[in-house]
file run_16.txt (compact mmCIF, C-alpha atoms)
# COMPACT_ATOMS: atom_id res chain seq x y z
CA MET A 1 103.90 199.36 9.97
CA SER A 2 101.46 196.45 9.79
CA ASN A 3 103.26 195.12 6.77
CA THR A 4 106.68 195.36 8.40
CA VAL A 5 106.17 192.84 11.17
CA SER A 6 109.24 190.99 9.88
CA ALA A 7 111.44 194.08 10.30
CA ASN A 8 113.85 194.63 13.19
CA ASP A 9 114.51 198.18 14.35
CA MET A 10 118.13 198.18 15.55
CA THR A 11 118.03 201.82 16.72
CA VAL A 12 116.59 200.80 20.09
CA GLY A 13 117.39 198.22 22.77
CA SER A 14 120.65 196.50 23.71
CA PRO A 15 123.28 196.79 20.93
CA ALA A 16 124.79 193.38 21.75
CA ARG A 17 121.39 191.69 21.76
CA GLY A 18 120.40 193.37 18.50
CA ILE A 19 123.67 192.39 16.79
CA ILE A 20 123.43 188.78 17.99
CA LYS A 21 119.76 188.54 17.03
CA PHE A 22 120.58 189.76 13.53
CA ALA A 23 123.85 187.84 13.10
CA VAL A 24 122.79 184.38 14.33
CA PRO A 25 120.42 183.58 11.42
CA LEU A 26 123.03 184.91 9.00
CA ILE A 27 125.72 182.75 10.56
CA LEU A 28 123.53 179.65 10.57
CA GLY A 29 122.60 180.31 6.96
CA TYR A 30 126.18 180.66 5.82
CA ILE A 31 127.27 177.63 7.82
CA LEU A 32 124.53 175.65 6.15
CA GLN A 33 125.56 177.02 2.75
CA GLN A 34 129.17 176.10 3.46
CA MET A 35 128.08 172.66 4.58
CA TYR A 36 126.63 171.87 1.20
CA LEU A 37 129.82 173.17 -0.45
CA ILE A 38 131.73 170.82 1.85
CA ILE A 39 129.43 167.97 0.87
CA ASP A 40 130.02 168.87 -2.79
CA ALA A 41 133.76 168.69 -2.31
CA ALA A 42 133.61 165.54 -0.14
CA ILE A 43 131.52 163.66 -2.71
CA VAL A 44 133.77 164.82 -5.55
CA GLY A 45 137.01 164.08 -3.68
CA ARG A 46 136.05 160.68 -2.26
CA TRP A 47 134.00 159.23 -5.12
CA ILE A 48 135.63 160.80 -8.16
CA GLY A 49 139.18 161.56 -6.99
CA VAL A 50 141.77 164.14 -5.98
CA GLY A 51 142.00 165.44 -9.55
CA ALA A 52 138.27 166.19 -9.61
CA LEU A 53 138.51 167.90 -6.21
CA ALA A 54 141.32 170.05 -7.60
CA ALA A 55 139.18 170.88 -10.67
CA VAL A 56 136.34 172.11 -8.44
CA GLY A 57 138.70 174.33 -6.47
CA ALA A 58 141.08 175.51 -9.21
CA SER A 59 138.83 178.45 -10.08
CA SER A 60 137.54 179.37 -6.61
CA SER A 61 139.50 182.63 -6.54
CA VAL A 62 138.11 183.56 -9.96
CA MET A 63 134.59 182.99 -8.71
CA PHE A 64 135.38 185.18 -5.72
CA LEU A 65 136.51 187.92 -8.10
CA VAL A 66 133.32 187.82 -10.17
CA MET A 67 130.75 187.03 -7.51
CA GLY A 68 132.54 189.15 -4.92
CA PHE A 69 131.90 192.20 -7.06
CA CYS A 70 128.27 191.28 -7.70
CA ASN A 71 127.46 190.34 -4.11
CA GLY A 72 129.37 193.30 -2.71
CA ALA A 73 127.46 195.64 -5.00
CA CYS A 74 124.14 194.13 -3.88
CA ALA A 75 125.16 194.58 -0.24
CA GLY A 76 126.04 198.19 -1.00
CA PHE A 77 122.64 198.80 -2.58
CA ALA A 78 121.03 197.73 0.71
CA ILE A 79 122.82 200.42 2.74
CA PRO A 80 120.74 203.44 1.56
CA ILE A 81 117.65 201.29 2.09
CA ALA A 82 118.68 200.55 5.68
CA GLN A 83 119.42 204.24 6.26
CA ALA A 84 116.05 205.30 4.86
CA PHE A 85 114.32 202.69 7.00
CA GLY A 86 116.17 203.94 10.09
CA ALA A 87 115.03 207.48 9.25
CA LYS A 88 111.42 206.19 8.77
CA ASP A 89 111.37 207.59 5.20
CA TYR A 90 109.62 204.67 3.53
CA GLY A 91 108.87 206.45 0.25
CA LYS A 92 112.57 207.11 -0.35
CA MET A 93 113.30 203.52 0.66
CA ARG A 94 111.02 202.16 -2.07
CA VAL A 95 112.57 204.46 -4.69
CA TYR A 96 115.92 202.94 -3.81
CA VAL A 97 114.45 199.44 -4.17
CA ALA A 98 113.11 200.15 -7.67
CA ASN A 99 116.36 201.61 -8.92
CA ALA A 100 118.51 198.94 -7.29
CA ILE A 101 116.59 196.32 -9.29
CA ARG A 102 117.32 198.25 -12.51
CA ILE A 103 121.04 198.30 -11.79
CA ALA A 104 121.09 194.62 -10.79
CA VAL A 105 119.46 193.49 -14.06
CA VAL A 106 122.09 195.29 -16.13
CA LEU A 107 124.85 193.93 -13.88
CA ALA A 108 123.62 190.34 -14.22
CA VAL A 109 123.43 190.47 -18.03
CA VAL A 110 126.82 192.13 -18.58
CA VAL A 111 128.80 190.10 -16.01
CA THR A 112 127.33 186.74 -17.08
CA PHE A 113 128.05 187.41 -20.77
CA LEU A 114 131.65 188.52 -20.22
CA ALA A 115 132.43 185.76 -17.71
CA CYS A 116 131.17 183.00 -20.01
CA ILE A 117 133.03 184.40 -23.04
CA PHE A 118 136.37 184.53 -21.22
CA CYS A 119 135.97 181.39 -19.08
CA SER A 120 138.72 179.36 -20.76
CA ARG A 121 141.18 182.24 -20.86
CA ILE A 122 140.61 182.93 -17.16
CA LEU A 123 141.55 179.37 -16.21
CA GLY A 124 144.73 179.69 -18.23
CA LEU A 125 145.67 182.91 -16.44
CA VAL A 126 145.52 181.20 -13.01
CA ASN A 127 147.87 178.38 -14.09
CA THR A 128 145.23 175.63 -13.95
CA PRO A 129 147.08 172.30 -14.36
CA LYS A 130 146.48 170.67 -17.76
CA ASP A 131 145.31 167.37 -16.29
CA ILE A 132 142.28 169.06 -14.66
CA PHE A 133 141.68 171.89 -17.14
CA SER A 134 138.71 170.34 -18.94
CA GLU A 135 136.76 169.53 -15.79
CA ALA A 136 137.64 172.90 -14.24
CA TYR A 137 136.25 174.64 -17.35
CA ILE A 138 132.92 172.79 -17.16
CA PHE A 139 132.54 173.56 -13.45
CA LEU A 140 133.45 177.24 -13.81
CA LEU A 141 131.14 177.76 -16.80
CA LEU A 142 128.19 176.38 -14.84
CA GLN A 143 129.06 178.70 -11.93
CA PHE A 144 129.07 181.65 -14.32
CA LEU A 145 125.68 180.66 -15.75
CA ALA A 146 124.31 180.82 -12.18
CA ILE A 147 125.36 184.48 -11.79
CA PRO A 148 121.89 186.00 -12.52
CA PHE A 149 120.27 183.79 -9.88
CA THR A 150 122.97 184.55 -7.32
CA ILE A 151 122.61 188.30 -7.92
CA CYS A 152 118.83 188.04 -7.62
CA TYR A 153 119.06 186.18 -4.30
CA ASN A 154 121.65 188.54 -2.82
CA LEU A 155 119.75 191.64 -3.94
CA PHE A 156 116.42 190.61 -2.43
CA ALA A 157 118.04 189.10 0.66
CA GLY A 158 119.79 192.46 1.07
CA PHE A 159 116.44 194.25 0.91
CA ILE A 160 115.07 191.97 3.62
CA ARG A 161 118.13 192.36 5.85
CA ALA A 162 118.12 196.13 5.45
CA LEU A 163 114.91 196.09 7.47
CA GLY A 164 116.62 194.05 10.18
CA ASN A 165 115.19 190.66 9.19
CA SER A 166 118.03 188.17 8.80
CA LYS A 167 115.95 185.08 9.58
CA GLN A 168 114.10 184.75 6.30
CA PRO A 169 117.18 184.59 4.03
CA PHE A 170 118.43 181.88 6.40
CA TYR A 171 115.31 179.82 5.77
CA PHE A 172 115.82 180.20 2.01
CA LEU A 173 119.35 178.86 2.38
CA ILE A 174 118.04 175.87 4.33
CA PHE A 175 115.71 174.94 1.51
CA SER A 176 118.26 175.59 -1.25
CA SER A 177 120.93 173.61 0.65
CA PHE A 178 118.70 170.56 0.81
CA VAL A 179 117.99 170.94 -2.91
CA ASN A 180 121.74 171.11 -3.57
CA ILE A 181 122.51 168.01 -1.49
CA ILE A 182 119.72 165.98 -3.09
CA LEU A 183 120.89 167.03 -6.55
CA ASP A 184 124.50 166.16 -5.67
CA VAL A 185 123.48 162.62 -4.78
CA LEU A 186 121.27 162.32 -7.87
CA LEU A 187 123.60 163.90 -10.44
CA ILE A 188 127.02 162.80 -9.15
CA LEU A 189 126.45 159.43 -7.46
CA MET A 190 123.39 158.07 -9.28
CA LEU A 191 123.74 159.57 -12.77
CA GLY A 192 127.55 159.70 -12.78
CA MET A 193 127.80 163.27 -14.10
CA GLY A 194 130.98 163.98 -12.13
CA VAL A 195 132.17 167.58 -11.80
CA ALA A 196 129.43 168.76 -14.18
CA GLY A 197 126.86 167.34 -11.77
CA ALA A 198 128.34 169.35 -8.89
CA GLY A 199 128.18 172.54 -10.96
CA LEU A 200 124.64 171.92 -12.15
CA ALA A 201 123.46 171.15 -8.60
CA THR A 202 124.81 174.51 -7.41
CA LEU A 203 123.19 176.36 -10.32
CA LEU A 204 119.75 174.87 -9.67
CA SER A 205 119.95 175.49 -5.92
CA GLN A 206 120.77 179.16 -6.57
CA LEU A 207 117.74 179.39 -8.86
CA PHE A 208 115.58 177.97 -6.08
CA ALA A 209 116.91 180.47 -3.50
CA SER A 210 116.34 183.43 -5.83
CA VAL A 211 112.73 182.44 -6.50
CA LEU A 212 112.03 182.12 -2.77
CA SER A 213 113.52 185.55 -1.96
CA VAL A 214 111.50 187.33 -4.66
CA TRP A 215 108.32 185.56 -3.57
CA TYR A 216 108.81 186.55 0.06
CA VAL A 217 109.34 190.24 -0.66
CA ALA A 218 106.33 190.30 -3.00
CA ARG A 219 103.99 188.55 -0.57
CA ARG A 220 105.22 189.34 2.95
CA MET A 221 107.19 192.62 2.90
CA GLN A 222 105.04 194.88 0.78
CA ILE A 223 106.48 197.96 2.47
CA LEU A 224 109.37 197.37 0.06
CA ILE A 225 107.20 197.27 -3.07
CA PRO A 226 107.41 200.54 -5.07
CA HIS A 227 104.17 202.08 -6.36
CA GLY A 228 103.40 204.77 -8.92
CA GLU A 229 106.06 207.47 -9.04
CA GLU A 230 108.33 205.43 -6.79
CA ARG A 231 108.99 203.05 -9.71
CA ARG A 232 110.43 205.72 -12.00
CA TYR A 233 114.07 206.04 -12.90
CA ASN A 234 115.65 208.46 -10.42
CA ASN A 235 119.10 209.68 -11.36
CA LYS A 236 119.89 210.97 -7.86
CA ARG A 237 118.96 207.66 -6.18
CA ILE A 238 120.83 205.70 -8.87
CA SER A 239 123.92 207.78 -8.15
CA ILE A 240 123.66 207.15 -4.38
CA LEU A 241 123.14 203.41 -4.94
CA LEU A 242 126.17 203.23 -7.24
CA ASN A 243 128.27 205.26 -4.82
CA ASN A 244 127.53 202.63 -2.17
CA GLY A 245 127.44 199.49 -4.32
CA VAL A 246 130.34 199.95 -6.73
CA PRO A 247 133.00 200.63 -4.07
CA MET A 248 131.82 197.60 -2.07
CA GLY A 249 131.91 195.46 -5.20
CA LEU A 250 135.34 196.77 -6.15
CA GLN A 251 136.55 196.15 -2.62
CA PHE A 252 135.84 192.44 -3.04
CA SER A 253 137.24 192.40 -6.57
CA ILE A 254 140.42 194.17 -5.55
CA THR A 255 140.79 191.71 -2.69
CA ALA A 256 140.17 188.89 -5.19
CA ILE A 257 143.06 190.02 -7.38
CA GLY A 258 145.40 189.18 -4.53
CA ILE A 259 143.57 185.89 -3.93
CA ILE A 260 143.91 185.01 -7.63
CA MET A 261 147.64 185.69 -7.51
CA LEU A 262 147.92 183.51 -4.41
CA GLN A 263 145.90 180.69 -5.98
CA SER A 264 147.87 181.00 -9.21
CA ALA A 265 151.11 180.60 -7.26
CA ASN A 266 149.59 177.61 -5.44
CA ASN A 267 148.25 176.06 -8.66
CA ALA A 268 151.77 176.14 -10.10
CA LEU A 269 152.89 173.85 -7.24
CA GLY A 270 150.81 170.98 -8.68
CA THR A 271 147.49 169.13 -8.42
CA VAL A 272 148.07 167.85 -4.86
CA TYR A 273 148.49 171.40 -3.58
CA VAL A 274 145.45 172.60 -5.53
CA ALA A 275 143.40 169.89 -3.84
CA SER A 276 144.89 170.80 -0.44
CA PHE A 277 144.00 174.44 -0.93
CA THR A 278 140.47 173.50 -2.02
CA ALA A 279 139.84 171.32 1.04
CA ALA A 280 141.24 173.93 3.44
CA VAL A 281 139.16 176.74 1.94
CA ARG A 282 135.96 174.72 2.25
CA ILE A 283 136.44 174.11 5.98
CA LYS A 284 138.04 177.48 6.71
CA TYR A 285 135.01 179.34 5.35
CA LEU A 286 132.85 177.27 7.69
CA PHE A 287 134.63 179.00 10.59
CA THR A 288 135.38 182.42 9.09
CA CYS A 289 131.79 183.02 7.95
CA VAL A 290 130.96 183.83 11.58
CA PHE A 291 133.39 186.77 11.55
CA GLU A 292 132.03 187.85 8.18
CA ASN A 293 128.44 187.86 9.35
CA ILE A 294 129.16 189.72 12.56
CA GLY A 295 130.46 192.35 10.15
CA VAL A 296 127.35 192.14 7.96
CA ALA A 297 125.24 192.68 11.06
CA MET A 298 127.30 195.78 11.84
CA ALA A 299 126.62 197.21 8.37
CA THR A 300 122.86 197.11 8.95
CA TYR A 301 123.23 198.18 12.58
CA CYS A 302 125.36 201.21 11.68
CA GLY A 303 123.19 202.03 8.66
CA GLN A 304 120.00 202.15 10.70
CA ASN A 305 121.59 204.09 13.55
CA ILE A 306 123.30 206.69 11.38
CA GLY A 307 119.94 207.12 9.62
CA ALA A 308 118.36 207.70 13.03
CA LYS A 309 121.30 210.00 14.02
CA ARG A 310 122.16 207.72 16.97
CA LEU A 311 125.95 207.94 16.79
CA ASP A 312 126.24 206.99 20.46
CA ARG A 313 124.78 203.58 19.63
CA VAL A 314 127.33 203.11 16.85
CA ARG A 315 130.17 203.31 19.39
CA GLN A 316 128.37 200.93 21.75
CA GLY A 317 127.77 198.50 18.93
CA GLU A 318 131.45 198.42 17.95
CA TRP A 319 132.59 197.32 21.41
CA ALA A 320 129.78 194.79 21.66
CA ALA A 321 130.78 193.27 18.30
CA VAL A 322 134.45 193.05 19.30
CA LYS A 323 133.56 191.17 22.51
CA ILE A 324 131.32 188.75 20.60
CA MET A 325 134.10 188.15 18.08
CA LEU A 326 136.71 187.36 20.76
CA VAL A 327 134.45 184.84 22.48
CA TYR A 328 133.98 183.07 19.15
CA PHE A 329 137.75 183.10 18.50
CA VAL A 330 138.31 181.05 21.68
CA PHE A 331 135.81 178.51 20.37
CA THR A 332 137.70 178.18 17.04
CA VAL A 333 140.96 177.48 18.86
CA ILE A 334 139.33 174.69 20.90
CA ILE A 335 137.95 173.03 17.75
CA ILE A 336 140.55 173.63 15.04
CA PHE A 337 143.85 172.76 16.68
CA PRO A 338 143.01 169.22 17.85
CA PHE A 339 140.67 168.26 14.98
CA ALA A 340 141.97 170.01 11.82
CA THR A 341 143.48 166.88 10.25
CA ASP A 342 140.38 164.81 11.02
CA MET A 343 138.19 167.42 9.31
CA MET A 344 140.37 167.42 6.19
CA GLU A 345 140.21 163.63 5.88
CA LEU A 346 136.54 164.07 4.93
CA PHE A 347 137.68 165.08 1.45
CA VAL A 348 140.07 162.26 0.61
CA ASN A 349 140.33 158.51 0.74
CA GLY A 350 143.28 156.63 2.23
CA LYS A 351 145.61 157.69 -0.60
CA GLY A 352 145.12 161.40 0.04
CA GLN A 353 146.84 161.82 3.41
CA GLU A 354 149.27 164.42 2.04
CA VAL A 355 146.32 166.53 0.92
CA ALA A 356 144.74 166.29 4.40
CA ASN A 357 147.98 167.21 6.19
CA ASN A 358 148.63 170.23 3.97
CA ALA A 359 145.06 171.48 4.35
CA ALA A 360 145.21 171.08 8.15
CA MET A 361 148.38 173.19 8.21
CA ILE A 362 146.53 176.05 6.49
CA MET A 363 143.72 175.81 9.03
CA ARG A 364 145.96 175.92 12.09
CA ILE A 365 148.13 178.79 10.87
CA SER A 366 145.09 180.86 9.86
CA CYS A 367 143.44 180.29 13.24
CA TYR A 368 146.23 182.16 15.04
CA PHE A 369 145.20 185.28 13.13
CA TYR A 370 141.40 185.07 13.40
CA PRO A 371 141.19 188.11 15.74
CA ALA A 372 142.76 190.17 12.95
CA LEU A 373 140.06 188.89 10.58
CA GLY A 374 137.34 189.65 13.12
CA MET A 375 138.49 193.25 13.56
CA LEU A 376 138.73 193.62 9.79
CA THR A 377 135.12 192.58 9.18
CA ILE A 378 133.70 194.63 12.07
CA PHE A 379 135.37 197.89 11.11
CA ARG A 380 135.08 197.43 7.34
CA TYR A 381 131.35 196.75 7.40
CA SER A 382 130.76 199.46 9.99
CA ILE A 383 132.40 202.03 7.71
CA GLN A 384 130.21 200.80 4.85
CA GLY A 385 127.07 200.99 6.98
CA LEU A 386 127.93 204.57 7.89
CA GLY A 387 127.86 205.36 4.17
CA TYR A 388 131.59 205.57 3.38
CA SER A 389 132.08 202.59 1.06
CA ASN A 390 134.82 204.41 -0.85
CA LEU A 391 136.90 204.51 2.31
CA SER A 392 136.42 200.86 3.15
CA MET A 393 137.41 199.91 -0.40
CA LEU A 394 140.98 200.94 0.37
CA SER A 395 141.23 198.09 2.87
CA GLY A 396 140.76 195.75 -0.10
CA VAL A 397 143.76 197.40 -1.74
CA MET A 398 145.81 196.61 1.37
CA GLU A 399 144.71 192.98 1.21
CA MET A 400 145.64 192.77 -2.45
CA ILE A 401 149.11 194.20 -1.78
CA ALA A 402 149.74 191.70 1.02
CA ARG A 403 148.59 188.63 -0.93
CA SER A 404 150.52 189.77 -4.01
CA GLY A 405 153.67 190.07 -1.93
CA VAL A 406 153.17 186.59 -0.50
CA SER A 407 152.63 185.19 -4.02
CA LEU A 408 155.70 186.88 -5.46
CA TRP A 409 158.15 186.27 -2.60
CA LEU A 410 156.97 183.89 0.13
CA VAL A 411 155.54 181.12 -2.09
CA PRO A 412 158.64 180.90 -4.36
CA ALA A 413 160.84 180.86 -1.25
CA PHE A 414 158.86 178.56 1.07
CA GLY A 415 156.44 176.71 -1.22
CA PHE A 416 153.12 175.69 0.31
CA LEU A 417 154.09 177.11 3.72
CA GLY A 418 154.12 180.54 2.07
CA VAL A 419 150.59 179.94 0.78
CA CYS A 420 149.47 179.31 4.38
CA TYR A 421 150.43 182.87 5.34
CA GLY A 422 148.64 184.55 2.42
CA ASP A 423 145.35 185.28 4.20
CA PRO A 424 146.82 186.21 7.62
CA MET A 425 149.16 188.77 6.05
CA ALA A 426 146.23 190.26 4.12
CA TRP A 427 144.10 190.58 7.28
CA ILE A 428 146.89 192.35 9.17
CA PHE A 429 147.59 194.80 6.33
CA ALA A 430 143.89 195.67 6.04
CA ASP A 431 143.65 196.30 9.79
CA LEU A 432 146.58 198.69 9.65
CA PHE A 433 144.39 200.87 7.45
CA LEU A 434 140.96 200.23 8.98
CA PHE A 435 141.77 201.03 12.62
CA PRO A 436 142.81 204.65 12.11
CA ALA A 437 140.25 205.11 9.29
CA PHE A 438 137.31 204.16 11.52
CA PHE A 439 138.33 206.27 14.49
CA LEU A 440 139.04 209.33 12.32
CA LEU A 441 135.65 208.85 10.61
CA TYR A 442 133.89 208.55 13.97
CA ARG A 443 135.48 211.80 15.16
CA HIS A 444 134.34 213.48 11.95
CA LEU A 445 130.77 212.22 12.35
CA LYS A 446 130.61 213.44 15.95
CA LYS A 447 131.09 216.96 14.62
CA THR A 448 128.65 216.70 11.71
CA VAL A 449 125.78 214.40 12.80
CA ARG A 450 123.14 216.31 14.70

call {"tool": "encode", "arguments": {"input": "run_16.txt", "output": "C-alpha cells"}}
result
Amino acid sequence: MSNTVSANDMTVGSPARGIIKFAVPLILGYILQQMYLIIDAAIVGRWIGVGALAAVGASSSVMFLVMGFCNGACAGFAIPIAQAFGAKDYGKMRVYVANAIRIAVVLAVVVTFLACIFCSRILGLVNTPKDIFSEAYIFLLLQFLAIPFTICYNLFAGFIRALGNSKQPFYFLIFSSFVNIILDVLLILMLGMGVAGAGLATLLSQLFASVLSVWYVARRMQILIPHGEERRYNNKRISILLNNGVPMGLQFSITAIGIIMLQSANNALGTVYVASFTAAVRIKYLFTCVFENIGVAMATYCGQNIGAKRLDRVRQGEWAAVKIMLVYFVFTVIIIFPFATDMMELFVNGKGQEVANNAAMIMRISCYFYPALGMLTIFRYSIQGLGYSNLSMLSGVMEMIARSGVSLWLVPAFGFLGVCYGDPMAWIFADLFLFPAFFLLYRHLKKTVR
C-alpha cells in the first residue's frame, strides 16, 4: 500500500467524518468551478450585453444532455473500481481501469463527432431566439469540441475518487479555474472575442485539467496503473463497467430531456427570460452542488462498504448524510432569501433589473425544495454505489416526466412562474420513486450480503 498513501479507506472510522472528509474537497472544487462559470457569465452579461448572456445560456440544457451522459458514464465506471478497492482486490481494480479507458476513448470520439455535426439543428430544436442564434452556435460548438478533455478529466478524477481521494481533483479544478479566469480577461476583455472567447477559455481550461489528472495518476497513484495481462481487453469487465456506466449516463440524459423541454419552453418566452434563466442557473448550481457532492461521496462510501460487505455502515452513512444535508439547507435559507436579487445583479448592468428580479424568483422558489433535492442525491448515488445503476436510472425518468409536464402545462398557463417550479417538481417526483426503492434494496441486500 506504499503507493496508495493518497487513498482513503471509508470502510472504517466514523461514517459522518468519512463522508465530510471526502465531500468537502469535492464541494470546494465544484464551487470554484461554478465561480468561474459565474465570472464567465458576469463578464459576458455586463461587458457584452443581455443578448450575449442569453446566447451563453441558451444551450445549457443541451450541454447537460451531452455531458451529463459522458460524465455520468465516467462516474459509473468508477463504481466497480471502488468496490474492488474496498475488497482489497487490486488486480481486478487495475483491469477495470484499463478497460474503462478503452470505453472512454470510443465514447469521446463518437459523442464529439455527432454533437458537432448536429450543433445547429440542436439549437433550432430548443427554440433558440434568432437574435442570439449565431453567438449561441459558436459557444455551443466550442463546448462540444471540449468533450474529449472533459471526459478525460472526469474519468481519471473518478479513478482517484474511487480510492477515497477527493482532494486532488479539487486542486486540479483550482488550477484550471485560474486558467479559465485569466483567459476570460484576455480573450473577452482585452482581445474582444466576445462569446467565442468565453467558449475558448472553457475549452482550454478543460484541457489543462485533463492533463493534470492523467499526470497525477501516472506519477502518484501507480496502484491504478495496469501491467501485463491487466491491460488486455476483458469482455466480462467491460460488461460490468457498461452495466454501471451506461445506466448512470442515461439517467442524466433522460433527466436532461426534461430540462431541454423546460428550457425550450422558457426560450420561447423571449431573450429576457433566457438571460434570467441563465443567471439563475449559474448561481443556483453554486448552492446545489453541495447536495450533489454529498451524493457523490455516498456513491464511493457505499461502493467501498458493499465491497467490504459492511452493510451496517451503509445504513449509518445514510443517516449521517441526511443530517449533514439538513444543516446545509438551513444555511442556504439564511443566504438566499435576503440576498438573491443582489446576487443576480452581478450579471446585468442598470438596464437589466427585470432579468435580476426574474432570476431571484427562481432562486427563492427552488430553495424551499432543497431538502427534496438533498434526499434525491443521497439515495440516488447510494443506490449507484451499491451497484444498482439500472434502478437509480428510473429516478431520471421521473424527473423527465415532471419537467415535461411543467413545460407542457404550467409554462403555457403561468409563463415564467411555471418555469420556476420545473426543478422542484422534478425533485419531488424522483423522491417518490427513490425512497421506497432504496429501502426495498437495503432489505434485499440484508438477506444476500454475507

call {"tool": "closest_atom_pairs", "arguments": {"input": "run_16.txt", "of": "segment 85-108 of chain A", "to": "segment 218-235 of chain A", "cutoff": "7 Å", "atoms": "only C-alpha atoms", "output": "tab-separated table"}}
result
residue	atom	partner	partner_atom	distance
A:Arg94	CA	A:Pro226	CA	5.0
A:Val95	CA	A:Glu230	CA	4.8
A:Val97	CA	A:Leu224	CA	6.9
A:Ala98	CA	A:Arg231	CA	5.4
A:Asn99	CA	A:Tyr233	CA	6.4

call {"tool": "residues_near_point", "arguments": {"input": "run_16.txt", "point": "(144.9, 190.9, 5.5)", "cutoff": "10 Å", "atoms": "only C-alpha atoms", "output": "compact mmCIF listing (two decimals) with C-alpha atoms, in the coordinates of the input"}}
result
# COMPACT_ATOMS: atom_id res chain seq x y z
CA THR A 255 140.79 191.71 -2.69
CA PHE A 369 145.20 185.28 13.13
CA ALA A 372 142.76 190.17 12.95
CA LEU A 373 140.06 188.89 10.58
CA LEU A 376 138.73 193.62 9.79
CA SER A 395 141.23 198.09 2.87
CA GLY A 396 140.76 195.75 -0.10
CA VAL A 397 143.76 197.40 -1.74
CA MET A 398 145.81 196.61 1.37
CA GLU A 399 144.71 192.98 1.21
CA MET A 400 145.64 192.77 -2.45
CA ILE A 401 149.11 194.20 -1.78
CA ALA A 402 149.74 191.70 1.02
CA ARG A 403 148.59 188.63 -0.93
CA TYR A 421 150.43 182.87 5.34
CA GLY A 422 148.64 184.55 2.42
CA ASP A 423 145.35 185.28 4.20
CA PRO A 424 146.82 186.21 7.62
CA MET A 425 149.16 188.77 6.05
CA ALA A 426 146.23 190.26 4.12
CA TRP A 427 144.10 190.58 7.28
CA ILE A 428 146.89 192.35 9.17
CA PHE A 429 147.59 194.80 6.33
CA ALA A 430 143.89 195.67 6.04
CA ASP A 431 143.65 196.30 9.79
CA LEU A 432 146.58 198.69 9.65

call {"tool": "closest_residue", "arguments": {"input": "run_16.txt", "among": "A:Val105, A:Met248, A:Ile79, A:Ala115", "to": "Val62 of chain A", "atoms": "only C-alpha atoms"}}
result
A:Ala115

call {"tool": "atom_distance", "arguments": {"input": "run_16.txt", "atom1": "atom CA of Val179 of chain A", "atom2": "atom CA of Ser205 of chain A"}}
result
5.8 Å

call {"tool": "residues_around", "arguments": {"input": "run_16.txt", "residues": "Leu417 of chain A", "least_positions_apart": "3", "cutoff": "9 Å", "atoms": "all atoms listed in the file", "output": "MDAnalysis selection string"}}
result
chainID A and resid 358 361:362 410:411 414 420:421

call {"tool": "write_last_selection", "arguments": {"input": "run_16.txt", "atoms": "C-alpha atoms", "output": "short mmCIF file (atom, residue, chain, number, x, y, z; two decimals), keeping the file's coordinate frame"}}
result
data_model
loop_
_atom_site.label_atom_id
_atom_site.label_comp_id
_atom_site.auth_asym_id
_atom_site.auth_seq_id
_atom_site.Cartn_x
_atom_site.Cartn_y
_atom_site.Cartn_z
CA ASN A 358 148.63 170.23 3.97
CA MET A 361 148.38 173.19 8.21
CA ILE A 362 146.53 176.05 6.49
CA LEU A 410 156.97 183.89 0.13
CA VAL A 411 155.54 181.12 -2.09
CA PHE A 414 158.86 178.56 1.07
CA CYS A 420 149.47 179.31 4.38
CA TYR A 421 150.43 182.87 5.34
#

call {"tool": "closest_atom_pairs", "arguments": {"input": "run_16.txt", "of": "segment 265-360 of chain A", "to": "segment 379-394 of chain A", "cutoff": "10 Å", "atoms": "only C-alpha atoms", "output": "CSV"}}
result
residue,atom,partner,partner_atom,distance
A:Glu292,CA,A:Tyr381,CA,9.0
A:Asn293,CA,A:Tyr381,CA,9.6
A:Ile294,CA,A:Tyr381,CA,9.0
A:Gly295,CA,A:Tyr381,CA,5.3
A:Val296,CA,A:Tyr381,CA,6.1
A:Ala297,CA,A:Tyr381,CA,8.2
A:Met298,CA,A:Ser382,CA,5.4
A:Ala299,CA,A:Gly385,CA,4.1
A:Thr300,CA,A:Gly385,CA,6.1
A:Tyr301,CA,A:Gly385,CA,7.3
A:Cys302,CA,A:Gly385,CA,5.0
A:Gly303,CA,A:Gly385,CA,4.4
A:Gln304,CA,A:Gly385,CA,8.1
A:Asn305,CA,A:Leu386,CA,8.5
A:Ile306,CA,A:Leu386,CA,6.2
A:Gly307,CA,A:Leu386,CA,8.6
A:Leu311,CA,A:Leu386,CA,9.7
A:Val314,CA,A:Ser382,CA,8.5
A:Gly317,CA,A:Ser382,CA,9.5
A:Glu318,CA,A:Phe379,CA,7.9
A:Ala321,CA,A:Phe379,CA,9.7
A:Val322,CA,A:Phe379,CA,9.6

call {"tool": "closest_residue", "arguments": {"input": "run_16.txt", "among": "A:Met343, A:Ile39, A:Ile335, A:Val272", "to": "Phe416 of chain A", "atoms": "all atoms listed in the file"}}
result
A:Val272

call {"tool": "closest_residue", "arguments": {"input": "run_16.txt", "among": "A:Leu140, A:Leu65, A:Met325, A:Ala100", "to": "Asn243 of chain A", "atoms": "all atoms listed in the file"}}
result
A:Ala100

call {"tool": "closest_residue", "arguments": {"input": "run_16.txt", "among": "A:Arg102, A:Lys92, A:Lys323, A:Arg315", "to": "Phe438 of chain A", "atoms": "all atoms listed in the file"}}
result
A:Arg315

call {"tool": "atom_distance", "arguments": {"input": "run_16.txt", "atom1": "atom CA of Leu250 of chain A", "atom2": "atom CA of Gln263 of chain A"}}
result
19.2 Å

call {"tool": "closest_residue", "arguments": {"input": "run_16.txt", "among": "A:Glu345, A:Asp312, A:Asp184, A:Glu354", "to": "Val274 of chain A", "atoms": "only C-alpha atoms"}}
result
A:Glu354

call {"tool": "residues_around", "arguments": {"input": "run_16.txt", "residues": "Leu408 of chain A", "least_positions_apart": "2", "cutoff": "10 Å", "atoms": "only C-alpha atoms", "output": "NGL selection string"}}
result
:A and (261-262 or 265 or 403-406 or 410-413 or 418)

call {"tool": "closest_residue", "arguments": {"input": "run_16.txt", "among": "A:Met193, A:Val290, A:Ala41, A:Ile19", "to": "Val348 of chain A", "atoms": "all atoms listed in the file"}}
result
A:Ala41

call {"tool": "atom_distance", "arguments": {"input": "run_16.txt", "atom1": "atom CA of Val333 of chain A", "atom2": "atom CA of Thr288 of chain A"}}
result
12.3 Å
